[in-house]
>>> print(open('work-v3.txt').read())   # compact mmCIF, C-alpha atoms
# COMPACT_ATOMS: atom_id res chain seq x y z
CA ARG A 186 256.58 201.30 95.18
CA GLY A 187 257.39 199.27 92.10
CA ASP A 188 257.01 200.18 88.45
CA ASP A 189 253.30 199.33 88.55
CA ASP A 190 252.80 201.73 91.48
CA ALA A 191 251.86 198.84 93.77
CA ILE A 192 252.79 198.89 97.46
CA GLU A 193 255.53 196.46 98.43
CA ARG A 194 255.95 194.81 101.81
CA ILE A 195 259.55 194.12 102.72
CA THR A 196 261.52 192.73 105.66
CA LEU A 197 264.48 194.67 107.05
CA ASP A 198 267.32 193.52 109.26
CA ILE A 199 267.87 196.45 111.66
CA ARG A 200 270.99 196.95 113.76
CA TYR A 201 272.20 199.93 115.77
CA LYS A 202 275.24 200.89 117.79
CA ARG A 203 276.22 203.90 119.91
CA ILE A 204 279.71 205.18 119.11
CA HIS A 205 282.00 207.89 120.43
CA VAL A 206 283.68 209.87 117.65
CA ARG A 207 286.74 212.04 118.29
CA PRO A 208 287.89 214.81 115.95
CA PRO A 209 291.26 214.52 114.17
CA ILE A 210 294.25 215.00 116.44
CA GLY A 211 295.09 218.39 114.97
CA LYS A 212 291.56 219.72 115.47
CA GLN A 213 290.65 218.41 118.92
CA LYS A 214 290.95 221.89 120.43
CA ARG A 215 288.47 223.33 117.92
CA TYR A 216 285.88 220.57 117.70
CA PRO A 217 284.25 218.49 120.44
CA SER A 218 283.86 214.73 120.49
CA LEU A 219 280.47 213.40 119.45
CA ASP A 220 278.28 210.58 120.70
CA LEU A 221 276.44 209.19 117.67
CA THR A 222 274.16 206.30 116.83
CA VAL A 223 274.75 204.29 113.66
CA ILE A 224 271.70 202.46 112.29
CA HIS A 225 271.90 199.83 109.55
CA ALA A 226 268.69 198.79 107.76
CA ILE A 227 269.22 196.00 105.22
CA GLU A 228 266.49 194.39 103.09
CA LEU A 229 266.79 190.64 103.52
CA ALA A 230 265.30 189.41 100.23
CA GLN A 231 266.61 190.24 96.76
CA PRO A 232 263.72 192.14 95.13
CA PRO A 233 263.12 191.68 91.37
CA GLY A 234 264.01 194.63 89.18
CA ARG A 235 265.83 196.77 91.75
CA LYS A 236 268.62 196.77 94.31
CA PRO A 237 267.75 195.83 97.90
CA ILE A 238 267.41 198.62 100.42
CA LEU A 239 270.64 199.34 102.28
CA TRP A 240 270.43 202.36 104.58
CA LYS A 241 273.29 203.48 106.81
CA LEU A 242 272.05 206.25 109.07
CA VAL A 243 274.04 208.33 111.55
CA THR A 244 272.27 210.46 114.15
CA ASP A 245 273.11 212.27 117.35
CA LEU A 246 269.81 211.00 118.81
CA GLU A 247 270.17 208.14 121.24
CA VAL A 248 268.64 204.78 120.29
CA THR A 249 268.15 202.27 123.08
CA SER A 250 265.55 199.89 121.63
CA ARG A 251 264.33 198.38 118.38
CA GLU A 252 261.24 200.60 118.52
CA GLU A 253 263.40 203.73 118.68
CA ALA A 254 265.51 202.49 115.77
CA ILE A 255 262.36 201.87 113.70
CA GLU A 256 261.15 205.36 114.59
CA LYS A 257 264.35 206.93 113.19
CA ILE A 258 264.09 204.81 110.03
CA ARG A 259 260.51 205.98 109.51
CA TRP A 260 261.67 209.57 109.84
CA TYR A 261 264.33 208.95 107.22
CA ALA A 262 261.75 207.29 104.94
CA MET A 263 259.97 210.65 104.77
CA ARG A 264 262.99 212.13 102.98
CA TRP A 265 261.61 211.35 99.53
CA LYS A 266 258.37 213.21 100.23
CA ILE A 267 260.28 216.19 101.60
CA GLU A 268 262.49 216.29 98.51
CA VAL A 269 259.46 216.12 96.20
CA PHE A 270 257.84 218.98 98.13
CA HIS A 271 260.99 221.08 97.70
CA LYS A 272 261.09 220.21 93.99
CA ILE A 273 257.54 221.52 93.56
CA LEU A 274 258.43 224.62 95.53
CA LYS A 275 261.54 225.33 93.42
CA SER A 276 260.63 224.03 89.95
CA GLY A 277 256.87 224.56 90.00
CA CYS A 278 256.40 227.75 92.00
CA ARG A 279 259.93 228.92 91.10
CA ALA A 280 260.46 230.37 94.54
CA GLU A 281 264.14 231.01 93.78
CA ASP A 282 263.22 233.37 90.91
CA ALA A 283 261.44 235.84 93.20
CA LYS A 284 262.73 239.41 92.83
CA LEU A 285 261.40 240.77 96.11
CA ARG A 286 263.84 242.99 97.97
CA THR A 287 262.74 242.70 101.59
CA ALA A 288 262.83 239.67 103.85
CA ASP A 289 259.24 240.20 105.02
CA ARG A 290 257.83 240.20 101.49
CA LEU A 291 259.89 237.17 100.54
CA ALA A 292 258.73 235.30 103.64
CA ASN A 293 255.09 236.05 102.80
CA LEU A 294 255.57 234.87 99.22
CA VAL A 295 257.30 231.64 100.28
CA ALA A 296 254.48 231.01 102.78
CA VAL A 297 251.94 231.16 99.94
CA PHE A 298 254.13 228.98 97.74
CA CYS A 299 254.39 226.41 100.53
CA ILE A 300 250.60 226.15 100.70
CA VAL A 301 250.33 225.71 96.92
CA SER A 302 253.17 223.16 96.86
CA TRP A 303 251.62 221.20 99.71
CA ARG A 304 248.27 221.11 97.90
CA VAL A 305 249.85 219.82 94.69
CA PHE A 306 251.80 217.12 96.50
CA TRP A 307 248.94 216.11 98.80
CA THR A 308 246.41 215.90 95.96
CA THR A 309 248.75 213.74 93.88
CA MET A 310 249.44 211.36 96.76
CA MET A 311 245.78 211.20 97.81
CA ALA A 312 244.71 210.14 94.32
CA ARG A 313 247.27 207.32 94.41
CA ALA A 314 246.45 206.17 97.94
CA SER A 315 242.63 206.54 97.68
CA PRO A 316 241.70 206.73 93.98
CA GLU A 317 238.03 206.01 94.69
CA ALA A 318 237.68 208.91 97.16
CA ASP A 319 235.21 211.74 96.65
CA PRO A 320 236.78 214.45 94.44
CA GLU A 321 235.71 217.09 96.97
CA THR A 322 238.38 215.60 99.22
CA ALA A 323 240.89 217.70 97.28
CA LEU A 324 238.91 220.03 94.97
CA THR A 325 236.19 222.61 95.49
CA PRO A 326 232.75 222.24 93.85
CA ALA A 327 233.60 225.18 91.56
CA GLU A 328 236.85 223.53 90.44
CA ILE A 329 235.03 220.25 89.79
CA ALA A 330 232.39 222.04 87.71
CA ILE A 331 235.04 223.77 85.59
CA LEU A 332 236.88 220.50 85.00
CA ASP A 333 233.63 218.86 83.90
CA ARG A 334 233.08 221.60 81.33
CA LEU A 335 236.64 221.57 80.01
CA VAL A 336 237.55 217.86 80.06
CA GLY A 337 235.27 214.95 79.21
CA ASP A 338 235.06 211.74 81.25
CA ALA A 339 236.35 209.56 78.38
CA GLY A 340 240.05 208.97 77.77
CA ASN A 341 241.21 209.30 81.37
CA ARG A 342 243.12 206.02 81.77
CA GLY A 343 239.94 204.17 82.71
CA ALA A 344 239.33 206.16 85.90
CA ARG A 345 235.86 205.56 87.32
CA PRO A 346 233.32 208.42 87.11
CA GLY A 347 232.89 210.55 90.20
CA THR A 348 236.23 209.58 91.75
CA LEU A 349 239.19 211.64 92.88
CA LEU A 350 241.42 209.80 90.40
CA LEU A 351 239.21 210.86 87.49
CA TYR A 352 239.35 214.54 88.45
CA LEU A 353 243.05 214.44 89.20
CA THR A 354 243.56 213.05 85.68
CA LYS A 355 241.38 215.82 84.24
CA LEU A 356 243.44 218.36 86.18
CA ALA A 357 246.65 216.81 84.87
CA ARG A 358 245.32 217.00 81.30
CA LEU A 359 245.00 220.75 81.72
CA GLY A 360 248.72 220.69 82.49
CA GLY A 361 249.65 218.76 79.36
CA TYR A 362 249.20 215.16 80.52
CA LEU A 363 248.12 212.88 77.66
CA ALA A 364 246.31 210.31 79.86
CA ARG A 365 247.12 207.35 77.62
CA MET A 366 246.73 203.88 79.11
CA SER A 367 250.46 203.32 78.68
CA ASP A 368 251.37 206.53 80.54
CA PRO A 369 252.47 206.43 84.20
CA PRO A 370 250.18 208.07 86.76
CA PRO A 371 250.20 211.89 86.58
CA GLY A 372 253.05 213.45 88.50
CA ASN A 373 253.44 216.63 90.50
CA THR A 374 254.65 218.76 87.57
CA VAL A 375 251.58 218.29 85.36
CA ILE A 376 249.32 218.63 88.40
CA TRP A 377 250.95 221.96 89.26
CA ARG A 378 250.54 223.21 85.68
CA GLY A 379 246.93 222.07 85.60
CA LEU A 380 246.15 223.67 88.95
CA ARG A 381 247.68 226.96 87.79
CA ARG A 382 245.63 226.93 84.59
CA LEU A 383 242.50 225.95 86.51
CA ALA A 384 243.03 228.90 88.87
CA ASP A 385 243.42 231.27 85.90
CA ILE A 386 240.22 229.96 84.29
CA GLN A 387 238.30 230.19 87.55
CA LEU A 388 239.51 233.74 88.16
CA GLY A 389 238.57 234.75 84.60
CA ALA A 390 235.09 233.26 85.04
CA GLU A 391 234.58 235.12 88.31
CA ILE A 392 235.72 238.41 86.76
CA GLY A 393 233.41 237.81 83.79
CA GLN A 394 230.45 237.17 86.05
CA GLY A 395 231.22 240.36 87.98
CA SER A 396 231.34 242.40 84.78
CA THR A 397 228.02 240.95 83.62
CA CYS A 398 226.34 241.72 86.93
CA GLY A 399 227.69 245.28 86.79
>>> encode(input="work-v3.txt", output="structure tokens")
Amino acid sequence: RGDDDAIERITLDIRYKRIHVRPPIGKQKRYPSLDLTVIHAIELAQPPGRKPILWKLVTDLEVTSREEAIEKIRWYAMRWKIEVFHKILKSGCRAEDAKLRTADRLANLVAVFCIVSWRVFWTTMMARASPEADPETALTPAEIAILDRLVGDAGNRGARPGTLLLYLTKLARLGGYLARMSDPPPGNTVIWRGLRRLADIQLGAEIGQGSTCG
């Protein structure tokens, strides 16, 4: 994606070669030789405003056709999404700050954090890929109702009413996003903060309703 968040279509020159790699002479008794595939993916045109793509990939998976080389490149292209997911898990949920003392409890906590991190990342990407989608694609009716009460429709970077993009922007504003026309689209950090605050507000409302009924 470019600075305007538009999808770019590019042309890559793809080459691959199977190689046999031997360990250093002094370590041949400790380490085996490896059969590896080297894949080069080079962007042919010079794109404006950035460097062309130049990927040099090394894998122990065998590549015998262009289709298999493209498959490995597509796997590698998912790296950015994986890194963003881990960033949400570490910086947003702060999984590394957990003070639990047993492996089972830590595993359960990380499992919950993974679900939350996935939701934050998926909601952010969905709003960018399908901004006109129904907000219930990513939010519950209760969450939508709370956002409508807390955040008005005006001042949300021109997002159309009743769209996923509008409600994602409202959610981001709960997390500190200013939603000015000059601002970039809301990122994962403000979405995580907004989702956390929305959950607190929803929980407080449910507790308040329970106390009133009692």
>>> residues_around(input="work-v3.txt", residues="region 341-352 of chain A", least_positions_apart="5", cutoff="8 Å", atoms="only C-alpha atoms", output="MDAnalysis selection string")
chainID A and resid 312:313 315:323 329 332 364:366
>>> atom_distance(input="work-v3.txt", atom1="CA of Trp377 (chain A)", atom2="CA of Arg304 (chain A)")
9.1 Å
>>> residues_around(input="work-v3.txt", residues="region 290-300 of chain A", least_positions_apart="6", cutoff="12 Å", atoms="only C-alpha atoms", output="number ranges by chain")
A: 267, 270-284, 306-307, 377
>>> residues_around(input="work-v3.txt", residues="Arg200 (chain A)", least_positions_apart="3", cutoff="8 Å", atoms="only C-alpha atoms", output="short mmCIF file (atom, residue, chain, number, x, y, z; two decimals) with C-alpha atoms, in the frame of the given file")
data_model
loop_
_atom_site.label_atom_id
_atom_site.label_comp_id
_atom_site.auth_asym_id
_atom_site.auth_seq_id
_atom_site.Cartn_x
_atom_site.Cartn_y
_atom_site.Cartn_z
CA ILE A 224 271.70 202.46 112.29
CA HIS A 225 271.90 199.83 109.55
CA ALA A 226 268.69 198.79 107.76
#
>>> closest_residue(input="work-v3.txt", among="A:Leu356, A:Ile331, A:Ile210, A:Glu193", to="Arg381 (chain A)", atoms="all atoms listed in the file")
A:Leu356
>>> atom_distance(input="work-v3.txt", atom1="CA of Val269 (chain A)", atom2="CA of Asn373 (chain A)")
8.3 Å
>>> residues_near_point(input="work-v3.txt", point="(266.9, 194.9, 100.8)", cutoff="10 Å", atoms="only C-alpha atoms", output="list in words")
Ile195, Thr196, Leu197, Asp198, Ala226, Ile227, Glu228, Leu229, Ala230, Gln231, Pro232, Arg235, Lys236, Pro237, Ile238, Leu239 and Trp240 of chain A
>>> atom_distance(input="work-v3.txt", atom1="CA of Leu242 (chain A)", atom2="CA of Ala254 (chain A)")
10.1 Å
>>> closest_residue(input="work-v3.txt", among="A:Ala314, A:Ile204, A:Ile258, A:Ala330", to="Pro370 (chain A)", atoms="all atoms listed in the file")
A:Ala314
>>> residues_around(input="work-v3.txt", residues="Ala384 (chain A)", least_positions_apart="2", cutoff="12 Å", atoms="all atoms listed in the file", output="list in words")
Val301, Leu324, Thr325, Ala327, Glu328, Ile329, Ile331, Leu332, Leu356, Leu359, Gly360, Trp377, Arg378, Gly379, Leu380, Arg381, Arg382, Ile386, Gln387, Leu388, Gly389, Ala390 and Glu391 of chain A
>>> axis_aligned_box(input="work-v3.txt", around="region 274-290 of chain A", padding_each_side="5 Å", output="JSON")
{"center_x": 260.3, "center_y": 233.5, "center_z": 97.5, "size_x": 17.7, "size_y": 29.0, "size_z": 25.1}
>>> build_atoms(input="work-v3.txt", residues="region 257-274 of chain A", atoms="N, CA, C and O atoms", output="mmCIF file, in the coordinates of the input")
data_model
loop_
_atom_site.group_PDB
_atom_site.id
_atom_site.type_symbol
_atom_site.label_atom_id
_atom_site.label_comp_id
_atom_site.auth_asym_id
_atom_site.auth_seq_id
_atom_site.Cartn_x
_atom_site.Cartn_y
_atom_site.Cartn_z
ATOM 1 N N LYS A 257 263.385 206.121 113.950
ATOM 2 C CA LYS A 257 264.350 206.930 113.190
ATOM 3 C C LYS A 257 264.337 206.540 111.712
ATOM 4 O O LYS A 257 264.473 207.407 110.836
ATOM 5 N N ILE A 258 264.157 205.254 111.416
ATOM 6 C CA ILE A 258 264.090 204.810 110.030
ATOM 7 C C ILE A 258 262.846 205.365 109.352
ATOM 8 O O ILE A 258 262.884 205.781 108.190
ATOM 9 N N ARG A 259 261.736 205.404 110.073
ATOM 10 C CA ARG A 259 260.510 205.980 109.510
ATOM 11 C C ARG A 259 260.685 207.470 109.241
ATOM 12 O O ARG A 259 260.182 207.987 108.237
ATOM 13 N N TRP A 260 261.383 208.150 110.101
ATOM 14 C CA TRP A 260 261.670 209.570 109.840
ATOM 15 C C TRP A 260 262.482 209.712 108.558
ATOM 16 O O TRP A 260 262.190 210.569 107.727
ATOM 17 N N TYR A 261 263.484 208.867 108.413
ATOM 18 C CA TYR A 261 264.330 208.950 107.220
ATOM 19 C C TYR A 261 263.523 208.601 105.960
ATOM 20 O O TYR A 261 263.764 209.155 104.892
ATOM 21 N N ALA A 262 262.561 207.686 106.086
ATOM 22 C CA ALA A 262 261.750 207.290 104.940
ATOM 23 C C ALA A 262 260.903 208.438 104.405
ATOM 24 O O ALA A 262 260.433 208.387 103.270
ATOM 25 N N MET A 263 260.710 209.478 105.215
ATOM 26 C CA MET A 263 259.970 210.650 104.770
ATOM 27 C C MET A 263 260.813 211.569 103.884
ATOM 28 O O MET A 263 260.304 212.533 103.326
ATOM 29 N N ARG A 264 262.089 211.263 103.743
ATOM 30 C CA ARG A 264 262.990 212.130 102.980
ATOM 31 C C ARG A 264 262.514 212.324 101.549
ATOM 32 O O ARG A 264 262.569 213.425 101.003
ATOM 33 N N TRP A 265 262.046 211.252 100.924
ATOM 34 C CA TRP A 265 261.610 211.350 99.530
ATOM 35 C C TRP A 265 260.469 212.349 99.392
ATOM 36 O O TRP A 265 260.461 213.180 98.480
ATOM 37 N N LYS A 266 259.504 212.284 100.296
ATOM 38 C CA LYS A 266 258.370 213.210 100.230
ATOM 39 C C LYS A 266 258.832 214.650 100.441
ATOM 40 O O LYS A 266 258.334 215.570 99.782
ATOM 41 N N ILE A 267 259.764 214.842 101.344
ATOM 42 C CA ILE A 267 260.280 216.190 101.600
ATOM 43 C C ILE A 267 260.994 216.716 100.357
ATOM 44 O O ILE A 267 260.829 217.883 99.970
ATOM 45 N N GLU A 268 261.778 215.871 99.704
ATOM 46 C CA GLU A 268 262.490 216.290 98.510
ATOM 47 C C GLU A 268 261.524 216.623 97.369
ATOM 48 O O GLU A 268 261.743 217.573 96.614
ATOM 49 N N VAL A 269 260.456 215.835 97.238
ATOM 50 C CA VAL A 269 259.460 216.120 96.200
ATOM 51 C C VAL A 269 258.772 217.449 96.489
ATOM 52 O O VAL A 269 258.544 218.259 95.580
ATOM 53 N N PHE A 270 258.447 217.707 97.755
ATOM 54 C CA PHE A 270 257.840 218.980 98.130
ATOM 55 C C PHE A 270 258.758 220.145 97.760
ATOM 56 O O PHE A 270 258.312 221.145 97.189
ATOM 57 N N HIS A 271 260.033 220.016 98.049
ATOM 58 C CA HIS A 271 260.990 221.080 97.700
ATOM 59 C C HIS A 271 261.111 221.237 96.187
ATOM 60 O O HIS A 271 261.275 222.358 95.690
ATOM 61 N N LYS A 272 261.028 220.127 95.451
ATOM 62 C CA LYS A 272 261.090 220.210 93.990
ATOM 63 C C LYS A 272 259.910 221.011 93.445
ATOM 64 O O LYS A 272 260.060 221.843 92.532
ATOM 65 N N ILE A 273 258.723 220.757 93.985
ATOM 66 C CA ILE A 273 257.540 221.520 93.560
ATOM 67 C C ILE A 273 257.717 222.988 93.902
ATOM 68 O O ILE A 273 257.407 223.878 93.100
ATOM 69 N N LEU A 274 258.238 223.253 95.085
ATOM 70 C CA LEU A 274 258.430 224.620 95.530
ATOM 71 C C LEU A 274 259.422 225.360 94.642
ATOM 72 O O LEU A 274 259.222 226.534 94.298
#
